[in-house]
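Student: Quick one: this structure, given as structure tokens, is what I'll be asking you about.
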Amino acid sequence: MNEMSGNGSESEVLPVQMGYESKFKFKCHKGVECFTKCCRGIDIMLTPYDILTMRKRLDLTSEQFLSIYTDLHLLESADLPVVTLKLLDDERKSCPFVQDEEGCLIYEDRPSTCRYYPLGMGSLSYTSDQEAGEDDDAFFFTVKEEHCLGFEEDEQWTVAQWREDQGVDIRDEVNAGWTNLIVRKKSVPKTIKLSEQSKQMFFLACYNIDKFRKFIFESTFLKRYKVDPKVVEEIRTDDIKLLQFGFEWLKATFFKDGEIMQPGQPPRPPQK
Ligand code: SF4
Ligand code: SF4
């Protein structure tokens with residue numbers, strides 16, 4: 001099991017496309033000279049499920065977590081907002097959760113990017129198969145940073161074994177709706193722009209999950225959208241179901257696609 005992982009902003013991305021059965025050698029443990037080096041000067045995009053689990057671990061609301069631990073960016077290729085982990089303002093630009101001796105203080109709840117390392121994941125384009133949960137279009141590659149000595153160790157993995165060992169396959173399943181929204185939006189001609197209101201909706205449903213729940217239950221949302229009563233009860237308390245409901249709602253709103261609800265006049269996002 002990998003003890004510590006991260007992703008570097010100055011990574012050398014090897015141009016080798018890998019599939020689930022492709023093999024690579026890697027091992028990370030406290031004994032490596034580079035231990036925790038990968039957790040400084042990094043650029044980690046957080047997924048919706050990362051935020052959900054990290055805010056729970058830190059006993060914060062999603063709004064508090066976003067304000068303390070994240071930076072907001074616009075993913076230009078998709079024209080959608082994304083968030084990255086905010087680094088400390090120290091000399092090494094450290095991750096707020098890294099300790100020299102101990103490594104990652106939130107190891108069990110570390111983000112997907114940290115789990116994937118030394119692999120990166122990409123998708124060639126949006127296909128209708130992705131709606132059905134298939135990710136055949138996905139590919140992987142190794143991210144080899146100069147300081148990382150894990151590649152010199154002798155443990156061999158397939159991509160599929162690594163994903164299972166690091167718990168990323170389960171996370172990818174939860175995040176699939178979010179990934180599909182981004183990949184699908186990238187496939188839309190650049191001239192078709194989302195309104196600021198739609199981008200706020202995306203941010204709310206994907207990242208500020210606690211506020212999204214309030215929005216659903218304390219606004220006119222449930223009057224404007226006819227949602228299955230069983231789903232309403234599920235999303236009242238289940239964070240993962242709420243995330244996935246949000247992805248479906250965004251898909252229906254952005255692409256007029258899906259049958260999760262009967263849309264009426266789209267509600268306005270809550271004011272900050
Ligand atoms: S081996 Fe690589 S992933 Fe592990 S601590 Fe060193 S730099 Fe980080
Ligand atoms: S969250 Fe943990 S594994 Fe990821 S960069 Fe920070 S300390 Fe490293």
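If you're wondering about the labels, chains in the structure tokens are A, B, ... by order shown, residues count from 1 in each chain, ligands from 1 in order shown.
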Could you list, as JSON, numbers by chain, all residues that come within 8 Å of ligand 2? Count only C-alpha atoms and all ligand atoms.
Tutor: {"A": [4, 5, 6, 7, 36, 38, 39, 40, 42, 44, 94, 95, 96, 97, 98, 99, 103, 104, 105, 106, 107, 109, 110, 111, 113, 114, 115]}
Student: Export N, CA and C atoms of the chosen residues as a PDB file, in the first residue's frame?
Tutor:
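Final output, part.pdb:
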```
ATOM      1  N   MET A   4       2.296   7.388   0.873  1.00  0.00           N
ATOM      2  CA  MET A   4       2.249   8.817   0.655  1.00  0.00           C
ATOM      3  C   MET A   4       2.245   9.057  -0.831  1.00  0.00           C
ATOM      4  N   SER A   5       1.412   9.881  -1.273  1.00  0.00           N
ATOM      5  CA  SER A   5       1.428  10.172  -2.696  1.00  0.00           C
ATOM      6  C   SER A   5       0.980  11.586  -2.941  1.00  0.00           C
ATOM      7  N   GLY A   6       1.231  12.070  -4.147  1.00  0.00           N
ATOM      8  CA  GLY A   6       0.850  13.424  -4.489  1.00  0.00           C
ATOM      9  C   GLY A   6       0.985  13.593  -5.973  1.00  0.00           C
ATOM     10  N   ASN A   7       0.954  14.831  -6.440  1.00  0.00           N
ATOM     11  CA  ASN A   7       1.077  15.067  -7.863  1.00  0.00           C
ATOM     12  C   ASN A   7       1.808  16.381  -8.029  1.00  0.00           C
ATOM     13  N   THR A  36       7.568  12.349   1.436  1.00  0.00           N
ATOM     14  CA  THR A  36       6.768  13.595   1.555  1.00  0.00           C
ATOM     15  C   THR A  36       7.180  14.701   0.568  1.00  0.00           C
ATOM     16  N   CYS A  38       6.720  14.795  -2.500  1.00  0.00           N
ATOM     17  CA  CYS A  38       5.667  14.968  -3.506  1.00  0.00           C
ATOM     18  C   CYS A  38       4.481  15.767  -2.976  1.00  0.00           C
ATOM     19  N   CYS A  39       4.487  16.088  -1.698  1.00  0.00           N
ATOM     20  CA  CYS A  39       3.345  16.790  -1.110  1.00  0.00           C
ATOM     21  C   CYS A  39       3.626  18.288  -0.962  1.00  0.00           C
ATOM     22  N   ARG A  40       4.572  18.796  -1.710  1.00  0.00           N
ATOM     23  CA  ARG A  40       4.917  20.244  -1.707  1.00  0.00           C
ATOM     24  C   ARG A  40       4.894  20.741  -3.146  1.00  0.00           C
ATOM     25  N   ILE A  42       2.552  21.394  -5.170  1.00  0.00           N
ATOM     26  CA  ILE A  42       1.721  20.507  -5.983  1.00  0.00           C
ATOM     27  C   ILE A  42       0.458  21.220  -6.471  1.00  0.00           C
ATOM     28  N   ILE A  44      -3.310  20.013  -6.967  1.00  0.00           N
ATOM     29  CA  ILE A  44      -4.245  18.896  -6.820  1.00  0.00           C
ATOM     30  C   ILE A  44      -5.684  19.349  -7.031  1.00  0.00           C
ATOM     31  N   SER A  94       3.844  23.777   1.032  1.00  0.00           N
ATOM     32  CA  SER A  94       3.434  22.435   1.475  1.00  0.00           C
ATOM     33  C   SER A  94       1.924  22.271   1.433  1.00  0.00           C
ATOM     34  N   CYS A  95       1.530  21.021   1.242  1.00  0.00           N
ATOM     35  CA  CYS A  95       0.118  20.661   1.422  1.00  0.00           C
ATOM     36  C   CYS A  95      -0.198  20.868   2.903  1.00  0.00           C
ATOM     37  N   PRO A  96      -1.379  21.373   3.256  1.00  0.00           N
ATOM     38  CA  PRO A  96      -1.690  21.609   4.674  1.00  0.00           C
ATOM     39  C   PRO A  96      -1.760  20.326   5.504  1.00  0.00           C
ATOM     40  N   PHE A  97      -1.793  19.174   4.846  1.00  0.00           N
ATOM     41  CA  PHE A  97      -1.962  17.921   5.583  1.00  0.00           C
ATOM     42  C   PHE A  97      -0.694  17.085   5.663  1.00  0.00           C
ATOM     43  N   VAL A  98       0.449  17.638   5.269  1.00  0.00           N
ATOM     44  CA  VAL A  98       1.668  16.830   5.277  1.00  0.00           C
ATOM     45  C   VAL A  98       2.531  17.143   6.505  1.00  0.00           C
ATOM     46  N   GLN A  99       3.093  16.063   7.083  1.00  0.00           N
ATOM     47  CA  GLN A  99       4.062  16.214   8.174  1.00  0.00           C
ATOM     48  C   GLN A  99       5.303  15.438   7.781  1.00  0.00           C
ATOM     49  N   GLY A 103       3.985  11.837   7.399  1.00  0.00           N
ATOM     50  CA  GLY A 103       3.383  11.773   6.063  1.00  0.00           C
ATOM     51  C   GLY A 103       2.027  12.450   6.057  1.00  0.00           C
ATOM     52  N   CYS A 104       1.079  11.813   5.404  1.00  0.00           N
ATOM     53  CA  CYS A 104      -0.245  12.427   5.222  1.00  0.00           C
ATOM     54  C   CYS A 104      -1.119  12.251   6.467  1.00  0.00           C
ATOM     55  N   LEU A 105      -1.583  13.367   7.009  1.00  0.00           N
ATOM     56  CA  LEU A 105      -2.394  13.323   8.231  1.00  0.00           C
ATOM     57  C   LEU A 105      -3.831  12.880   7.960  1.00  0.00           C
ATOM     58  N   ILE A 106      -4.231  12.909   6.696  1.00  0.00           N
ATOM     59  CA  ILE A 106      -5.602  12.471   6.369  1.00  0.00           C
ATOM     60  C   ILE A 106      -5.533  11.300   5.380  1.00  0.00           C
ATOM     61  N   TYR A 107      -4.543  10.451   5.581  1.00  0.00           N
ATOM     62  CA  TYR A 107      -4.229   9.404   4.593  1.00  0.00           C
ATOM     63  C   TYR A 107      -5.465   8.626   4.122  1.00  0.00           C
ATOM     64  N   ASP A 109      -8.409   9.517   3.950  1.00  0.00           N
ATOM     65  CA  ASP A 109      -9.344  10.367   3.202  1.00  0.00           C
ATOM     66  C   ASP A 109      -8.616  11.273   2.218  1.00  0.00           C
ATOM     67  N   ARG A 110      -7.403  10.879   1.803  1.00  0.00           N
ATOM     68  CA  ARG A 110      -6.643  11.719   0.864  1.00  0.00           C
ATOM     69  C   ARG A 110      -7.372  11.794  -0.477  1.00  0.00           C
ATOM     70  N   PRO A 111      -7.135  12.882  -1.225  1.00  0.00           N
ATOM     71  CA  PRO A 111      -7.853  13.069  -2.489  1.00  0.00           C
ATOM     72  C   PRO A 111      -7.507  12.027  -3.544  1.00  0.00           C
ATOM     73  N   THR A 113      -6.428  12.403  -6.600  1.00  0.00           N
ATOM     74  CA  THR A 113      -5.165  12.642  -7.313  1.00  0.00           C
ATOM     75  C   THR A 113      -3.994  12.021  -6.559  1.00  0.00           C
ATOM     76  N   CYS A 114      -4.009  12.164  -5.228  1.00  0.00           N
ATOM     77  CA  CYS A 114      -2.937  11.594  -4.404  1.00  0.00           C
ATOM     78  C   CYS A 114      -2.978  10.070  -4.479  1.00  0.00           C
ATOM     79  N   ARG A 115      -4.168   9.512  -4.554  1.00  0.00           N
ATOM     80  CA  ARG A 115      -4.305   8.060  -4.643  1.00  0.00           C
ATOM     81  C   ARG A 115      -3.811   7.548  -5.990  1.00  0.00           C
TER      82      ARG A 115
END
```
Student: Using only C-alpha atoms and all ligand atoms, find each residue with an atom at most 9 Å away from ligand 1 and format the answer as an MDAnalysis selection string.
Tutor: chainID A and resid 2:7 26:39 103 114 117:118 144:153
Student: Hey, which of A:Tyr116, A:Phe24, A:Phe203, A:Trp157 ends up closest to Phe247 (chain A)? Count only C-alpha atoms.
Tutor: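 Closest to Phe247 (chain A), using only C-alpha atoms: A:Phe203.
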Student: Could you give me, as a ChimeraX atom specification, the residues within 10 Å of region 206-218 of chain A, counting only C-alpha atoms and dropping anything in the same chain fewer than 4 positions from it?
Tutor: /A:46-52,61-66,81-83,175,177-178,200-202,222-223,225,232,235-237,239-240,242-244,246-247,250,267-270
Student: Looking at only C-alpha atoms, which of A:Asp257, A:Asp154, A:Glu233, A:Glu108 is the one that sits closest to Arg57 (chain A)?
Tutor: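 That would be A:Glu108, the residue with the smallest distance to Arg57 (chain A).
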Student: Name the residues of region 53-245 of chain A that fall into strand (DSSP E) according to DSSP on the backbone, using the chain letters and numbers of this document, as a PyMOL selection string.
Tutor: chain A and resi 70-75+80-85+98-99+103-104+119-123+138-144+156-158+226-227
Student: Could you find all residues in region 9-77 of chain A that DSSP calls helix (DSSP H, G or I) from the backbone, and write them as a list in words?
Tutor: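 DSSP-assigned helix (DSSP H, G or I) residues in region 9-77 of chain A: Lys37, Cys38, Cys39, Pro48, Tyr49, Asp50, Ile51, Leu52, Thr53, Met54, Arg55, Lys56, Arg57, Ser62, Glu63, Gln64, Phe65, Leu66, Ser67, Ile68 and Tyr69 of chain A.
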Student: Next, dump the selected residues to file, keeping only C-alpha atoms, as a PDB file, in the first residue's frame.
Tutor:
```pdb
ATOM      1  CA  LYS A  37       8.618  15.515  -1.193  1.00  0.00           C
ATOM      2  CA  CYS A  38       5.667  14.968  -3.506  1.00  0.00           C
ATOM      3  CA  CYS A  39       3.345  16.790  -1.110  1.00  0.00           C
ATOM      4  CA  PRO A  48     -16.743  16.249  -5.499  1.00  0.00           C
ATOM      5  CA  TYR A  49     -16.244  13.020  -3.538  1.00  0.00           C
ATOM      6  CA  ASP A  50     -12.881  14.284  -2.198  1.00  0.00           C
ATOM      7  CA  ILE A  51     -14.625  17.341  -0.776  1.00  0.00           C
ATOM      8  CA  LEU A  52     -17.395  15.267   0.689  1.00  0.00           C
ATOM      9  CA  THR A  53     -15.001  12.952   2.558  1.00  0.00           C
ATOM     10  CA  MET A  54     -12.405  15.578   3.515  1.00  0.00           C
ATOM     11  CA  ARG A  55     -14.962  17.974   5.007  1.00  0.00           C
ATOM     12  CA  LYS A  56     -16.392  15.090   7.019  1.00  0.00           C
ATOM     13  CA  ARG A  57     -12.943  14.044   8.247  1.00  0.00           C
ATOM     14  CA  SER A  62     -18.571  22.001   2.727  1.00  0.00           C
ATOM     15  CA  GLU A  63     -18.729  25.797   2.755  1.00  0.00           C
ATOM     16  CA  GLN A  64     -16.127  26.042   5.561  1.00  0.00           C
ATOM     17  CA  PHE A  65     -13.901  23.473   3.866  1.00  0.00           C
ATOM     18  CA  LEU A  66     -14.033  25.290   0.529  1.00  0.00           C
ATOM     19  CA  SER A  67     -13.205  28.598   2.133  1.00  0.00           C
ATOM     20  CA  ILE A  68     -10.281  27.318   4.251  1.00  0.00           C
ATOM     21  CA  TYR A  69      -8.699  24.645   2.066  1.00  0.00           C
TER      22      TYR A  69
END
```
Student: With only C-alpha atoms as the atoms that count, which of A:Lys199, A:Lys86, A:His73, A:Arg171 lies nearest to Thr253 (chain A)?
Tutor: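 Selected residue with least distance to Thr253 (chain A): A:Lys199.
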Student: Please list as an MDAnalysis selection string every residue within 12 Å of Asp169 (chain A), counting only C-alpha atoms and excluding residues in the same chain fewer than 3 positions away.
Tutor: chainID A and resid 20 112 115:116 121 135 159:166 172:176
Student: Would you output that residue set with C-alpha atoms, as a PDB file, in the first residue's frame?
Tutor:
```pdb
ATOM      1  CA  TYR A  20      -6.092  -1.403 -17.298  1.00  0.00           C
ATOM      2  CA  SER A 112      -8.170  10.967  -5.637  1.00  0.00           C
ATOM      3  CA  ARG A 115      -4.305   8.060  -4.643  1.00  0.00           C
ATOM      4  CA  TYR A 116      -3.749   7.820  -8.393  1.00  0.00           C
ATOM      5  CA  MET A 121      -5.944   9.486 -16.098  1.00  0.00           C
ATOM      6  CA  ASP A 135     -15.199   4.215 -19.203  1.00  0.00           C
ATOM      7  CA  VAL A 159      -3.150  -0.262 -13.611  1.00  0.00           C
ATOM      8  CA  ALA A 160      -6.259  -2.203 -12.488  1.00  0.00           C
ATOM      9  CA  GLN A 161      -4.460  -3.561  -9.387  1.00  0.00           C
ATOM     10  CA  TRP A 162      -3.181  -0.106  -8.458  1.00  0.00           C
ATOM     11  CA  ARG A 163      -6.632   1.455  -8.817  1.00  0.00           C
ATOM     12  CA  GLU A 164      -8.168  -1.173  -6.576  1.00  0.00           C
ATOM     13  CA  ASP A 165      -5.380  -1.017  -3.993  1.00  0.00           C
ATOM     14  CA  GLN A 166      -5.625   2.764  -3.755  1.00  0.00           C
ATOM     15  CA  ASP A 172     -14.254   7.123  -9.822  1.00  0.00           C
ATOM     16  CA  GLU A 173     -17.624   5.394  -9.745  1.00  0.00           C
ATOM     17  CA  VAL A 174     -19.068   8.049  -7.406  1.00  0.00           C
ATOM     18  CA  ASN A 175     -17.479  10.870  -9.416  1.00  0.00           C
ATOM     19  CA  ALA A 176     -18.479   9.446 -12.826  1.00  0.00           C
TER      20      ALA A 176
END
```
